[in-house]
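What follows is a short report on a single structure.
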Amino acid sequence: MGSTARDRAVDLTRAACLVVVVGLHVMMAGITVESGGLAITNSLDGHPIFAWSTWLVQVMPLFFVMGGFSSLLAWRRQRGRGVTGSEYVRDRVARLARPALLPLGLVGITLAILGLVGLPDDVLGDVGFRIGQPLWFLAVYLGCSGLVPLMARLHERAPWATLLTLLGAVMIVDTIALLTVQPLIGALNLAFVWLLIQQLGFCLADGWFDWRRRWMLALAGLAAFGGLLFLTTVVGYSTDMYDNLNPPTAALLVLGVGQTLLFAWLRPWLARLAERPTLAGLSDAINRNAMQIYLWHVPVIVLVAVVLVVAGAPFPEPLSAGWWQSRPPFLIAVALMLIPIVIGVAWLDRRDEARAARAAEAASAAASARGEAPAEPAGLGPWMAALKVILGIAGVVTLLIAGFTPAYGAAIGVTLLLLAVLLRSPRRRERPHPAPLLTSGHEPADAATAAERPVDADRA
C-alpha cells in the first residue's frame, strides 16, 4: 500500500491542471458584436493547430488521475478512523454539490431577469449553454466520488481484473458507437472511461509506477502517445482531444495513460519544485478553493465580456492579430474579478462549516447528557448515500439538458442539488444507556454525530 501522507507533486499538478482549464476557457471565449446582435463562439474552433495542441492542454484525464490518488488516500484515512463508506460518500456529495448552489442559482436568477427586461432568448440560451458546458465535470466527479469506497475495495481485492473489466467495457462501447454512430451509446463511457482513469490514480497511490529505471517511464509514456497517434490517424478517432471528451473515448483513455506515465517520470522533479514556498502556498490556495474556482470562472468570463460590451470596447475578429493581443488583458481582468469572489465565497463556506460543526457538537452533548445514542436505521445509510449521489447527478444533468432558460429548468436543477446537500437520514433513538458510576466527562461522540462533522476528504 502507498503512503497516506500528502504528495506535494500531486497537489502541484492538480493546481496546474485547474489553471490550464481556466486559461483555456478564457482563450476559447469568443465575443462578436455584429448587426444581428451579440454572438458567443468558441474562438479556437477551426484553428489549424488547435486539434494537435489539445494533446498538451487537454488535462482532464490527468486531473482525474490526481483526484483518484487523493480520493483513495482520503478514504483510507477515514476508514481507519471508523468512517463508513456511506458516511464518506455523503460528505463528498455535500462538499462537491454545496459550492455549486450559489453560482448556479445566481446565474439562473440573472438570466431570468435579463429575459424579463427584453434580452433576446437566443442570446440568453447561448450564454446559459456556455456557462453550463463545464458542469459535465461536476456530474461525472460526483459519480466517481460516490463509487470510491466500492472501487477501492475492488482495487484492493482484484486490481487487474477491475482494470481489464473496465477496459473491456470501454472498448465494447466505443466499437458499438463507431459502428452504429449512436452518441447515446458512447455516453456509457462517461462511467467506464472516467472510472478507469480514476483507478489509474489508485494504482499511482499504491506505487505501481515507482519503477527503478525512470527512463522506462518516459519511454512508456512516449509509447502511449504513439498509440494515440495510431488511434487518430489509422483507426479514425479525432485528433482533437476535446472531441474525444464528449463523450469520452478510448483515445482519451490512452491520453490519460500517457499523462500518468509522464507524471510518474517527472514526479521527483515536481516534488522538489513543489517544495518552494511560493509554489507550495499557491498550490495550497488553488486546491483549497478548487471547486469554487471551477464553478465561478465561466460566469466571471461571461460577466467580464458583458462589462466590455456595455463599455463599448472593441472585439477583434477571433484569431486575428488584435484578438491575440487582447487575450492577456482579458485573462488579467478575469483573474482580478475571480480572485475576490473565490475568497469571499470560501469565507462564507468556512463560516457555515464552523456553524454546522458547533451545532453538531451541541446536539451530541445534549444527547449524551440524556443518555441517548442517535443512530441511523440499520441498512439505510448506504441507500441514503446513493440517493444523494443520484440527486446531485440528476440536478447537474437537468441543467445540462434543459439549460438555464427557461427558468424552470434552472430551478429544477438547483433544487435537486439542494436536496442532495440537505437530505439527511431519519434518526431513531436507542434506549437510554445506564449512566456509569464514574465518568470522565469526555466520552467519544457516536458515529452518527461524527458523520455530521466536516471530514478531511480531499478537495475536488
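Residues in the C-alpha cells are named by chain (A, B, ... in the order shown) and by number from 1 within that chain; ligands are numbered from 1 in the order shown.
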Exercise. Find the spatial neighbours of A:Leu167, counting only C-alpha atoms, within a cut-off of 8 Å - ignore same-chain residues fewer than 4 positions away - and output them as a PyMOL selection string.
Key: chain A and resi 163+171+192-193+196
Output for the residues just chosen: C-alpha atoms as an mmCIF file, in the first residue's frame:
data_model
loop_
_atom_site.group_PDB
_atom_site.id
_atom_site.type_symbol
_atom_site.label_atom_id
_atom_site.label_comp_id
_atom_site.auth_asym_id
_atom_site.auth_seq_id
_atom_site.Cartn_x
_atom_site.Cartn_y
_atom_site.Cartn_z
ATOM 1 C CA LEU A 163 -8.804 -2.625 -14.770
ATOM 2 C CA MET A 171 -13.740 -0.929 -25.994
ATOM 3 C CA PHE A 192 -16.330 3.441 -17.800
ATOM 4 C CA VAL A 193 -13.596 5.795 -19.070
ATOM 5 C CA LEU A 196 -10.817 3.535 -15.275
#
Quiz prompt | Filtered DSSP result for stretch 211-366 of chain A, state alpha helix (DSSP H), as an NGL selection string | solution = :A and (214-230 or 250-274 or 277-288 or 290-310 or 321-366)
Practice problem: Would you mind listing what lies within 10 Å of A:Trp55 as JSON, numbers by chain, with only C-alpha atoms counted and same-chain residues fewer than 5 positions away left out? | Solution: {"A": [50, 225, 228, 239, 240, 241, 242, 252, 255, 259]}
Practice problem: Tell me, in Å to one decimal, how far atom CA of A:Arg214 is from atom CA of A:Trp265. | Solution: 5.8 Å
Quiz item: Can you tell me how far atom CA of A:Asp121 sits from atom CA of A:Thr405, in Å to one decimal?
Solution: 8.0 Å
Exercise. Check the smallest atom-to-atom distance from each of A:Leu96, A:Ala220, A:Val117, A:Val57 to A:Ser145 using only C-alpha atoms, then report the winner.
Key: A:Leu96
Self-check item: Counting only C-alpha atoms, the option among A:Gly115, A:Gly128, A:Gly403, A:Gly168 closest to A:Pro299
Solution: A:Gly128
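Contact shell of A:Thr415 at 9 Å (only C-alpha atoms; same-chain neighbours under 5 positions omitted): Leu101, Gly395, Ala410 and Ala420 of chain A.
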Go ahead and save the picked residues with N, CA and C atoms, as a PDB file, in the first residue's frame.
ATOM      1  N   LEU A 101     -24.350  25.566  -5.517  1.00  0.00           N
ATOM      2  CA  LEU A 101     -25.682  26.148  -5.340  1.00  0.00           C
ATOM      3  C   LEU A 101     -25.694  27.652  -5.595  1.00  0.00           C
ATOM      4  N   GLY A 395     -29.454  16.699 -10.782  1.00  0.00           N
ATOM      5  CA  GLY A 395     -29.510  18.152 -10.813  1.00  0.00           C
ATOM      6  C   GLY A 395     -28.615  18.737 -11.889  1.00  0.00           C
ATOM      7  N   ALA A 410     -33.508  25.694 -14.717  1.00  0.00           N
ATOM      8  CA  ALA A 410     -32.514  26.019 -13.697  1.00  0.00           C
ATOM      9  C   ALA A 410     -33.067  25.778 -12.308  1.00  0.00           C
ATOM     10  N   ALA A 420     -29.739  17.153  -2.642  1.00  0.00           N
ATOM     11  CA  ALA A 420     -28.570  16.286  -2.463  1.00  0.00           C
ATOM     12  C   ALA A 420     -27.717  16.735  -1.291  1.00  0.00           C
TER      13      ALA A 420
END
Quiz item: Counting only C-alpha atoms, which of A:Gly118, A:Gly146, A:Gly256, A:Gly381 gets nearest to A:Phe64?
Solution: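 Of all the options, A:Gly256 lies closest to A:Phe64.
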Practice problem: Go through A:Pro61, A:His297, A:Ala177, A:Arg351 and flag the residue nearest A:Leu336, using only C-alpha atoms for the distances. | Solution: A:His297
